[in-house]
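Structure file target_13.pdb; described as PDB, C-alpha atoms, pLDDT in the B column.
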ATOM      1  CA  MET A 156     -27.297  11.680-105.964  1.00 51.00           C
ATOM      2  CA  GLN A 157     -31.039  11.018-105.654  1.00 56.00           C
ATOM      3  CA  VAL A 158     -30.426   7.593-104.095  1.00 48.00           C
ATOM      4  CA  LYS A 159     -28.216   9.205-101.413  1.00 53.00           C
ATOM      5  CA  SER A 160     -30.922  11.764-100.689  1.00 47.00           C
ATOM      6  CA  ILE A 161     -33.576   9.076-100.355  1.00 45.00           C
ATOM      7  CA  LEU A 162     -31.347   7.006 -98.071  1.00 42.00           C
ATOM      8  CA  CYS A 163     -30.582  10.059 -95.964  1.00 42.00           C
ATOM      9  CA  LEU A 164     -34.278  10.933 -95.621  1.00 39.00           C
ATOM     10  CA  THR A 165     -35.116   7.332 -94.784  1.00 40.00           C
ATOM     11  CA  SER A 166     -32.454   7.287 -92.069  1.00 42.00           C
ATOM     12  CA  ILE A 167     -33.720  10.544 -90.581  1.00 42.00           C
ATOM     13  CA  ALA A 168     -37.308   9.299 -90.665  1.00 40.00           C
ATOM     14  CA  THR A 169     -36.289   6.044 -88.972  1.00 42.00           C
ATOM     15  CA  LEU A 170     -34.477   7.936 -86.223  1.00 42.00           C
ATOM     16  CA  ALA A 171     -37.436  10.266 -85.780  1.00 44.00           C
ATOM     17  CA  LEU A 172     -39.833   7.319 -85.429  1.00 53.00           C
ATOM     18  CA  ALA A 173     -37.559   5.317 -83.128  1.00 80.00           C
ATOM     19  CA  ALA A 174     -38.602   5.161 -79.504  1.00 89.00           C
ATOM     20  CA  ASN A 175     -36.177   5.845 -76.724  1.00 95.00           C
ATOM     21  CA  VAL A 176     -35.859   4.491 -73.213  1.00 96.00           C
ATOM     22  CA  ASP A 177     -38.006   7.341 -71.847  1.00 97.00           C
ATOM     23  CA  ASP A 178     -40.857   6.190 -74.112  1.00 97.00           C
ATOM     24  CA  VAL A 179     -40.508   2.645 -72.789  1.00 97.00           C
ATOM     25  CA  LEU A 180     -40.414   3.919 -69.198  1.00 97.00           C
ATOM     26  CA  ARG A 181     -43.623   5.915 -69.800  1.00 97.00           C
ATOM     27  CA  ASP A 182     -45.239   2.807 -71.273  1.00 98.00           C
ATOM     28  CA  LEU A 183     -44.137   0.739 -68.272  1.00 97.00           C
ATOM     29  CA  GLU A 184     -45.566   3.344 -65.891  1.00 97.00           C
ATOM     30  CA  LEU A 185     -48.879   3.030 -67.747  1.00 98.00           C
ATOM     31  CA  VAL A 186     -48.689  -0.763 -67.375  1.00 97.00           C
ATOM     32  CA  ALA A 187     -48.082  -0.253 -63.638  1.00 97.00           C
ATOM     33  CA  THR A 188     -51.108   2.055 -63.375  1.00 97.00           C
ATOM     34  CA  GLN A 189     -53.287  -0.423 -65.249  1.00 97.00           C
ATOM     35  CA  ALA A 190     -51.994  -3.306 -63.099  1.00 96.00           C
ATOM     36  CA  ALA A 191     -52.953  -1.312 -59.994  1.00 97.00           C
ATOM     37  CA  SER A 192     -56.433  -0.771 -61.458  1.00 97.00           C
ATOM     38  CA  LEU A 193     -56.684  -4.481 -62.173  1.00 96.00           C
ATOM     39  CA  GLN A 194     -55.587  -5.318 -58.642  1.00 96.00           C
ATOM     40  CA  SER A 195     -58.175  -2.908 -57.190  1.00 96.00           C
ATOM     41  CA  ALA A 196     -60.948  -4.330 -59.365  1.00 95.00           C
ATOM     42  CA  ILE A 197     -60.121  -7.931 -58.482  1.00 94.00           C
ATOM     43  CA  THR A 198     -59.758  -7.096 -54.785  1.00 94.00           C
ATOM     44  CA  ALA A 199     -63.143  -5.322 -54.819  1.00 92.00           C
ATOM     45  CA  PHE A 200     -64.812  -8.283 -56.518  1.00 90.00           C
ATOM     46  CA  PRO A 201     -67.111  -9.967 -53.980  1.00 85.00           C
ATOM     47  CA  SER A 202     -65.614 -12.973 -52.216  1.00 80.00           C
ATOM     48  CA  MET A 203     -68.822 -14.963 -51.993  1.00 73.00           C
ATOM     49  CA  ALA A 204     -70.001 -16.936 -54.964  1.00 59.00           C
ATOM     50  CA  GLY A 205     -73.451 -15.810 -56.056  1.00 58.00           C
ATOM     51  CA  VAL A 206     -72.990 -12.259 -54.742  1.00 57.00           C
ATOM     52  CA  ALA A 207     -70.706 -11.118 -57.543  1.00 58.00           C
ATOM     53  CA  ASP A 208     -72.074  -9.105 -60.410  1.00 74.00           C
ATOM     54  CA  LEU A 209     -71.443  -9.359 -64.111  1.00 77.00           C
ATOM     55  CA  SER A 210     -70.552  -5.681 -64.573  1.00 82.00           C
ATOM     56  CA  ALA A 211     -67.642  -6.020 -62.118  1.00 86.00           C
ATOM     57  CA  ALA A 212     -66.396  -9.104 -63.964  1.00 86.00           C
ATOM     58  CA  LEU A 213     -66.648  -7.331 -67.313  1.00 87.00           C
ATOM     59  CA  SER A 214     -64.778  -4.340 -65.889  1.00 91.00           C
ATOM     60  CA  ILE A 215     -61.966  -6.657 -64.786  1.00 93.00           C
ATOM     61  CA  HIS A 216     -61.903  -8.194 -68.244  1.00 93.00           C
ATOM     62  CA  ALA A 217     -61.753  -4.752 -69.911  1.00 95.00           C
ATOM     63  CA  THR A 218     -58.881  -3.730 -67.631  1.00 96.00           C
ATOM     64  CA  ALA A 219     -57.025  -6.947 -68.488  1.00 97.00           C
ATOM     65  CA  ILE A 220     -57.447  -6.138 -72.182  1.00 97.00           C
ATOM     66  CA  SER A 221     -55.980  -2.670 -71.533  1.00 97.00           C
ATOM     67  CA  VAL A 222     -52.974  -4.228 -69.795  1.00 97.00           C
ATOM     68  CA  VAL A 223     -52.384  -6.552 -72.758  1.00 98.00           C
ATOM     69  CA  THR A 224     -52.699  -3.689 -75.234  1.00 98.00           C
ATOM     70  CA  THR A 225     -50.209  -1.547 -73.330  1.00 98.00           C
ATOM     71  CA  LEU A 226     -47.756  -4.440 -72.929  1.00 98.00           C
ATOM     72  CA  ASN A 227     -47.917  -4.995 -76.686  1.00 98.00           C
ATOM     73  CA  GLU A 228     -47.458  -1.273 -77.419  1.00 97.00           C
ATOM     74  CA  THR A 229     -44.501  -1.183 -75.030  1.00 97.00           C
ATOM     75  CA  LYS A 230     -42.939  -4.070 -76.926  1.00 97.00           C
ATOM     76  CA  VAL A 231     -43.383  -2.229 -80.223  1.00 97.00           C
ATOM     77  CA  ASN A 232     -41.662   0.840 -78.763  1.00 97.00           C
ATOM     78  CA  ALA A 233     -38.899  -1.223 -77.161  1.00 97.00           C
ATOM     79  CA  GLN A 234     -38.167  -2.877 -80.509  1.00 96.00           C
ATOM     80  CA  THR A 235     -37.209   0.509 -81.946  1.00 96.00           C
ATOM     81  CA  VAL A 236     -35.005   1.680 -79.063  1.00 96.00           C
ATOM     82  CA  PRO A 237     -31.466   2.201 -80.314  1.00 95.00           C
ATOM     83  CA  THR A 238     -29.084  -0.313 -78.803  1.00 92.00           C
ATOM     84  CA  PRO A 239     -26.903  -0.758 -76.930  1.00 86.00           C
ATOM     85  CA  VAL A 240     -28.907   0.632 -74.027  1.00 94.00           C
ATOM     86  CA  SER A 241     -26.776   2.243 -71.348  1.00 96.00           C
ATOM     87  CA  LEU A 242     -26.407   0.602 -67.951  1.00 97.00           C
ATOM     88  CA  GLU A 243     -28.213   3.565 -66.376  1.00 97.00           C
ATOM     89  CA  ASP A 244     -31.156   3.269 -68.771  1.00 97.00           C
ATOM     90  CA  GLY A 245     -31.302  -0.504 -68.435  1.00 96.00           C
ATOM     91  CA  THR A 246     -31.299  -0.185 -64.651  1.00 97.00           C
ATOM     92  CA  GLN A 247     -34.157   2.333 -64.808  1.00 97.00           C
ATOM     93  CA  VAL A 248     -36.215  -0.090 -66.885  1.00 96.00           C
ATOM     94  CA  LEU A 249     -35.457  -2.949 -64.505  1.00 96.00           C
ATOM     95  CA  ASP A 250     -36.248  -0.803 -61.436  1.00 97.00           C
ATOM     96  CA  THR A 251     -39.591   0.202 -62.975  1.00 96.00           C
ATOM     97  CA  ILE A 252     -40.496  -3.428 -63.568  1.00 96.00           C
ATOM     98  CA  ASP A 253     -39.327  -4.405 -60.080  1.00 95.00           C
ATOM     99  CA  GLY A 254     -41.506  -1.625 -58.692  1.00 96.00           C
ATOM    100  CA  MET A 255     -44.647  -3.080 -60.229  1.00 95.00           C
ATOM    101  CA  LYS A 256     -43.999  -6.685 -59.124  1.00 95.00           C
ATOM    102  CA  PRO A 257     -45.837  -6.318 -55.771  1.00 96.00           C
ATOM    103  CA  THR A 258     -48.898  -4.942 -57.570  1.00 96.00           C
ATOM    104  CA  VAL A 259     -48.887  -7.755 -60.113  1.00 96.00           C
ATOM    105  CA  GLU A 260     -48.402 -10.356 -57.382  1.00 96.00           C
ATOM    106  CA  GLY A 261     -51.192  -8.748 -55.323  1.00 96.00           C
ATOM    107  CA  ALA A 262     -53.592  -8.852 -58.270  1.00 96.00           C
ATOM    108  CA  LEU A 263     -52.763 -12.488 -58.930  1.00 97.00           C
ATOM    109  CA  ALA A 264     -53.119 -13.454 -55.259  1.00 96.00           C
ATOM    110  CA  ALA A 265     -56.526 -11.747 -55.167  1.00 95.00           C
ATOM    111  CA  ALA A 266     -57.560 -13.586 -58.334  1.00 94.00           C
ATOM    112  CA  ILE A 267     -56.479 -16.915 -56.864  1.00 95.00           C
ATOM    113  CA  ASN A 268     -58.352 -16.216 -53.610  1.00 93.00           C
ATOM    114  CA  LYS A 269     -61.543 -15.349 -55.503  1.00 90.00           C
ATOM    115  CA  LYS A 270     -61.533 -18.302 -57.880  1.00 89.00           C
ATOM    116  CA  TYR A 271     -64.846 -19.631 -56.620  1.00 85.00           C
ATOM    117  CA  SER A 272     -66.510 -16.229 -56.822  1.00 84.00           C
ATOM    118  CA  PHE A 273     -65.578 -15.993 -60.482  1.00 83.00           C
ATOM    119  CA  ARG A 274     -66.552 -19.607 -61.078  1.00 80.00           C
ATOM    120  CA  GLY A 275     -69.940 -19.115 -59.440  1.00 73.00           C
ATOM    121  CA  LEU A 276     -70.922 -16.053 -61.455  1.00 69.00           C
ATOM    122  CA  PHE A 277     -73.410 -17.204 -64.096  1.00 59.00           C
ATOM    123  CA  GLY A 278     -71.669 -20.564 -64.398  1.00 57.00           C
ATOM    124  CA  ASP A 279     -74.910 -22.319 -65.378  1.00 56.00           C
ATOM    125  CA  PHE A 280     -75.536 -20.164 -68.439  1.00 56.00           C
ATOM    126  CA  PRO A 281     -74.178 -21.018 -71.885  1.00 52.00           C
ATOM    127  CA  GLY A 282     -71.228 -19.048 -73.163  1.00 57.00           C
ATOM    128  CA  PRO A 283     -68.138 -17.748 -71.428  1.00 69.00           C
ATOM    129  CA  THR A 284     -68.357 -17.230 -67.681  1.00 77.00           C
ATOM    130  CA  ALA A 285     -66.562 -14.653 -65.537  1.00 81.00           C
ATOM    131  CA  PHE A 286     -64.174 -17.487 -64.687  1.00 84.00           C
ATOM    132  CA  ASP A 287     -63.447 -18.060 -68.381  1.00 87.00           C
ATOM    133  CA  LEU A 288     -62.922 -14.335 -68.990  1.00 88.00           C
ATOM    134  CA  LEU A 289     -60.444 -14.056 -66.132  1.00 91.00           C
ATOM    135  CA  ARG A 290     -58.551 -17.157 -67.255  1.00 93.00           C
ATOM    136  CA  GLN A 291     -58.321 -15.793 -70.809  1.00 95.00           C
ATOM    137  CA  GLY A 292     -57.163 -12.429 -69.496  1.00 95.00           C
ATOM    138  CA  LEU A 293     -54.428 -14.128 -67.474  1.00 97.00           C
ATOM    139  CA  LEU A 294     -53.317 -16.143 -70.504  1.00 97.00           C
ATOM    140  CA  ASN A 295     -53.168 -13.018 -72.677  1.00 97.00           C
ATOM    141  CA  ILE A 296     -51.326 -10.971 -70.053  1.00 98.00           C
ATOM    142  CA  ASN A 297     -48.799 -13.780 -69.580  1.00 97.00           C
ATOM    143  CA  SER A 298     -48.188 -14.092 -73.322  1.00 97.00           C
ATOM    144  CA  SER A 299     -47.651 -10.346 -73.747  1.00 98.00           C
ATOM    145  CA  ALA A 300     -45.585 -10.012 -70.559  1.00 97.00           C
ATOM    146  CA  VAL A 301     -43.274 -12.880 -71.558  1.00 97.00           C
ATOM    147  CA  ALA A 302     -42.763 -11.418 -75.050  1.00 97.00           C
ATOM    148  CA  LEU A 303     -41.983  -7.980 -73.611  1.00 97.00           C
ATOM    149  CA  GLY A 304     -39.764  -9.427 -70.884  1.00 96.00           C
ATOM    150  CA  ASP A 305     -37.757 -11.436 -73.390  1.00 96.00           C
ATOM    151  CA  LEU A 306     -37.284  -8.380 -75.573  1.00 96.00           C
ATOM    152  CA  LEU A 307     -36.293  -6.097 -72.691  1.00 96.00           C
ATOM    153  CA  GLY A 308     -33.941  -8.743 -71.367  1.00 95.00           C
ATOM    154  CA  SER A 309     -32.222  -8.867 -74.727  1.00 94.00           C
ATOM    155  CA  ILE A 310     -31.683  -5.107 -75.042  1.00 94.00           C
ATOM    156  CA  VAL A 311     -30.390  -4.310 -71.543  1.00 95.00           C
ATOM    157  CA  PRO A 312     -26.627  -4.315 -71.013  1.00 95.00           C
ATOM    158  CA  PRO A 313     -24.959  -7.668 -70.278  1.00 95.00           C
ATOM    159  CA  GLU A 314     -24.194  -6.558 -66.701  1.00 96.00           C
ATOM    160  CA  ILE A 315     -27.890  -6.743 -65.762  1.00 97.00           C
ATOM    161  CA  ARG A 316     -29.211  -9.194 -68.344  1.00 96.00           C
ATOM    162  CA  ALA A 317     -29.389 -12.162 -65.935  1.00 96.00           C
ATOM    163  CA  GLU A 318     -31.289 -10.046 -63.399  1.00 96.00           C
ATOM    164  CA  ALA A 319     -33.676  -8.837 -66.109  1.00 95.00           C
ATOM    165  CA  PHE A 320     -34.463 -12.372 -67.252  1.00 95.00           C
ATOM    166  CA  ALA A 321     -34.843 -13.527 -63.622  1.00 95.00           C
ATOM    167  CA  THR A 322     -37.355 -10.733 -62.988  1.00 95.00           C
ATOM    168  CA  GLY A 323     -39.277 -11.726 -66.101  1.00 94.00           C
ATOM    169  CA  GLU A 324     -39.312 -15.339 -64.939  1.00 95.00           C
ATOM    170  CA  GLU A 325     -40.643 -14.288 -61.505  1.00 95.00           C
ATOM    171  CA  ILE A 326     -43.542 -12.403 -63.071  1.00 95.00           C
ATOM    172  CA  SER A 327     -44.242 -15.193 -65.544  1.00 95.00           C
ATOM    173  CA  GLY A 328     -44.076 -17.739 -62.715  1.00 96.00           C
ATOM    174  CA  ALA A 329     -46.695 -15.837 -60.723  1.00 96.00           C
ATOM    175  CA  LEU A 330     -48.918 -15.579 -63.798  1.00 97.00           C
ATOM    176  CA  THR A 331     -48.433 -19.261 -64.577  1.00 97.00           C
ATOM    177  CA  GLU A 332     -49.463 -20.162 -61.031  1.00 97.00           C
ATOM    178  CA  ALA A 333     -52.692 -18.156 -61.360  1.00 97.00           C
ATOM    179  CA  ILE A 334     -53.354 -19.648 -64.802  1.00 97.00           C
ATOM    180  CA  ALA A 335     -52.949 -23.143 -63.329  1.00 96.00           C
ATOM    181  CA  VAL A 336     -55.527 -22.324 -60.633  1.00 95.00           C
ATOM    182  CA  TYR A 337     -57.976 -21.113 -63.286  1.00 92.00           C
ATOM    183  CA  SER A 338     -57.315 -24.145 -65.463  1.00 91.00           C
ATOM    184  CA  SER A 339     -58.684 -26.600 -62.901  1.00 84.00           C
TER     185      SER A 339
END

Full structure transcribed into structure tokens:
Amino acid sequence: MQVKSILCLTSIATLALAANVDDVLRDLELVATQAASLQSAITAFPSMAGVADLSAALSIHATAISVVTTLNETKVNAQTVPTPVSLEDGTQVLDTIDGMKPTVEGALAAAINKKYSFRGLFGDFPGPTAFDLLRQGLLNINSSAVALGDLLGSIVPPEIRAEAFATGEEISGALTEAIAVYSS
């Protein structure tokens, strides 16, 4: 009898700790907000090498770290969502991700356009440069975004799975392009 009670309590505790699709949607909205902040910070970064300041570069780096942290937290929550996810819920998740694609692409385009500004900021000093920090941020965001995208693609219903993976590949492709620019 005690074993049944323990199993019952464990099951209830697991259900109570499990995230639901609304939790994942809230997390994704936070990612979208942070991506918009990242885009704004990169866009505001001076375009001329030598004019940029270290505090702006460090702010961009801190925002990138926040994006990575939230992507990772979203993945943790998504791992505990009961499956199968309904078509309606899966579509909401996909629509939320689709809605943030222009912001992500805008941030990456701005980063690509300002490569030489980041490269020029304190490039002669030892240690990591603003360029290095941005490249590392892009690598970390890509790693976390791919892991989350793969997970979300695996939990959405089969009817939209191909679209989910295609969306993930689009975002990863844009990140990979920016990483390539910052790797040369």

Quiz prompt | Selection near range 318-330 of chain A, 9 Å with all atoms listed in the file, sequence-local residues under 3 positions removed, as a ChimeraX atom specification | solution = /A:245,249,252-253,256,259-260,263-264,293-294,296-298,300-301,303-305,307-309,311,314-315,333-335

Please expand the PyMOL selection byres ((chain A and resi 273) around 10) into the concrete residues it hits in this file, giving the result as a short mmCIF file (atom, residue, chain, number, x, y, z; two decimals) with C-alpha atoms, in the coordinates of the input.
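Output (result_19.cif):
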data_model
loop_
_atom_site.label_atom_id
_atom_site.label_comp_id
_atom_site.auth_asym_id
_atom_site.auth_seq_id
_atom_site.Cartn_x
_atom_site.Cartn_y
_atom_site.Cartn_z
CA ILE A 197 -60.12 -7.93 -58.48
CA PHE A 200 -64.81 -8.28 -56.52
CA PRO A 201 -67.11 -9.97 -53.98
CA SER A 202 -65.61 -12.97 -52.22
CA MET A 203 -68.82 -14.96 -51.99
CA ALA A 204 -70.00 -16.94 -54.96
CA GLY A 205 -73.45 -15.81 -56.06
CA ALA A 207 -70.71 -11.12 -57.54
CA ASP A 208 -72.07 -9.10 -60.41
CA LEU A 209 -71.44 -9.36 -64.11
CA ALA A 212 -66.40 -9.10 -63.96
CA ALA A 266 -57.56 -13.59 -58.33
CA ILE A 267 -56.48 -16.92 -56.86
CA ASN A 268 -58.35 -16.22 -53.61
CA LYS A 269 -61.54 -15.35 -55.50
CA LYS A 270 -61.53 -18.30 -57.88
CA TYR A 271 -64.85 -19.63 -56.62
CA SER A 272 -66.51 -16.23 -56.82
CA ARG A 274 -66.55 -19.61 -61.08
CA GLY A 275 -69.94 -19.11 -59.44
CA LEU A 276 -70.92 -16.05 -61.46
CA PHE A 277 -73.41 -17.20 -64.10
CA GLY A 278 -71.67 -20.56 -64.40
CA THR A 284 -68.36 -17.23 -67.68
CA ALA A 285 -66.56 -14.65 -65.54
CA PHE A 286 -64.17 -17.49 -64.69
CA ASP A 287 -63.45 -18.06 -68.38
CA LEU A 288 -62.92 -14.34 -68.99
CA LEU A 289 -60.44 -14.06 -66.13
CA ARG A 290 -58.55 -17.16 -67.26
CA TYR A 337 -57.98 -21.11 -63.29
#

Quiz item: Pick from A:Val176, A:Ala187, A:Ala199, A:Ala302: nearest to Lys230 in chain A, with only C-alpha atoms counted?
Solution: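 Distance minimum relative to Lys230 in chain A lands on A:Ala302.
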
I want to know what sits within 8 Å of Gln194 in chain A, based on only C-alpha atoms, with residues of the same chain fewer than 4 positions away left out; could you give that as a PDB file with C-alpha atoms, in the coordinates of the input?
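Written out: around25.pdb:
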ATOM      1  CA  ALA A 190     -51.994  -3.306 -63.099  1.00 96.00           C
ATOM      2  CA  THR A 198     -59.758  -7.096 -54.785  1.00 94.00           C
ATOM      3  CA  THR A 258     -48.898  -4.942 -57.570  1.00 96.00           C
ATOM      4  CA  VAL A 259     -48.887  -7.755 -60.113  1.00 96.00           C
ATOM      5  CA  GLY A 261     -51.192  -8.748 -55.323  1.00 96.00           C
ATOM      6  CA  ALA A 262     -53.592  -8.852 -58.270  1.00 96.00           C
ATOM      7  CA  LEU A 263     -52.763 -12.488 -58.930  1.00 97.00           C
ATOM      8  CA  ALA A 265     -56.526 -11.747 -55.167  1.00 95.00           C
TER       9      ALA A 265
END

Box centre and edge lengths (Å, one decimal), axis-aligned, range 259-275 of chain A plus 6 Å each side, as AutoDock Vina command-line options:
--center_x -59.2 --center_y -13.7 --center_z -57.3 --size_x 33.5 --size_y 23.9 --size_z 19.5

Practice problem: Output the residue selection produced by the PyMOL selection byres ((chain A and resi 182-186) around 10) on the file above, formatted as a list of chain:residue names. | Solution: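 When the PyMOL selection byres ((chain A and resi 182-186) around 10) is applied, the selected residues are A:Val176, A:Asp177, A:Asp178, A:Val179, A:Leu180, A:Arg181, A:Ala187, A:Thr188, A:Gln189, A:Ala190, A:Ala191, A:Ser192, A:Ser221, A:Val222, A:Val223, A:Thr224, A:Thr225, A:Leu226, A:Asn227, A:Glu228, A:Thr229, A:Lys230, A:Asn232, A:Ala233, A:Val248, A:Thr251, A:Ile252, A:Gly254, A:Met255.
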
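Picture a line from CA of Asn295 in chain A to CA of Ile220 in chain A; it runs 8.1 Å.
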
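CA of Gln291 in chain A is found 11.6 Å from CA of Ala217 in chain A.
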
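Taking CA of Pro312 in chain A as the reference point, CA of Ser241 in chain A is found at 6.6 Å.
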
Quiz item: When distances are computed from all atoms listed in the file, which of A:Val336, A:Ala219, A:Ala173, A:Leu193 shows the smallest separation from Thr238 in chain A?
Solution: A:Ala173
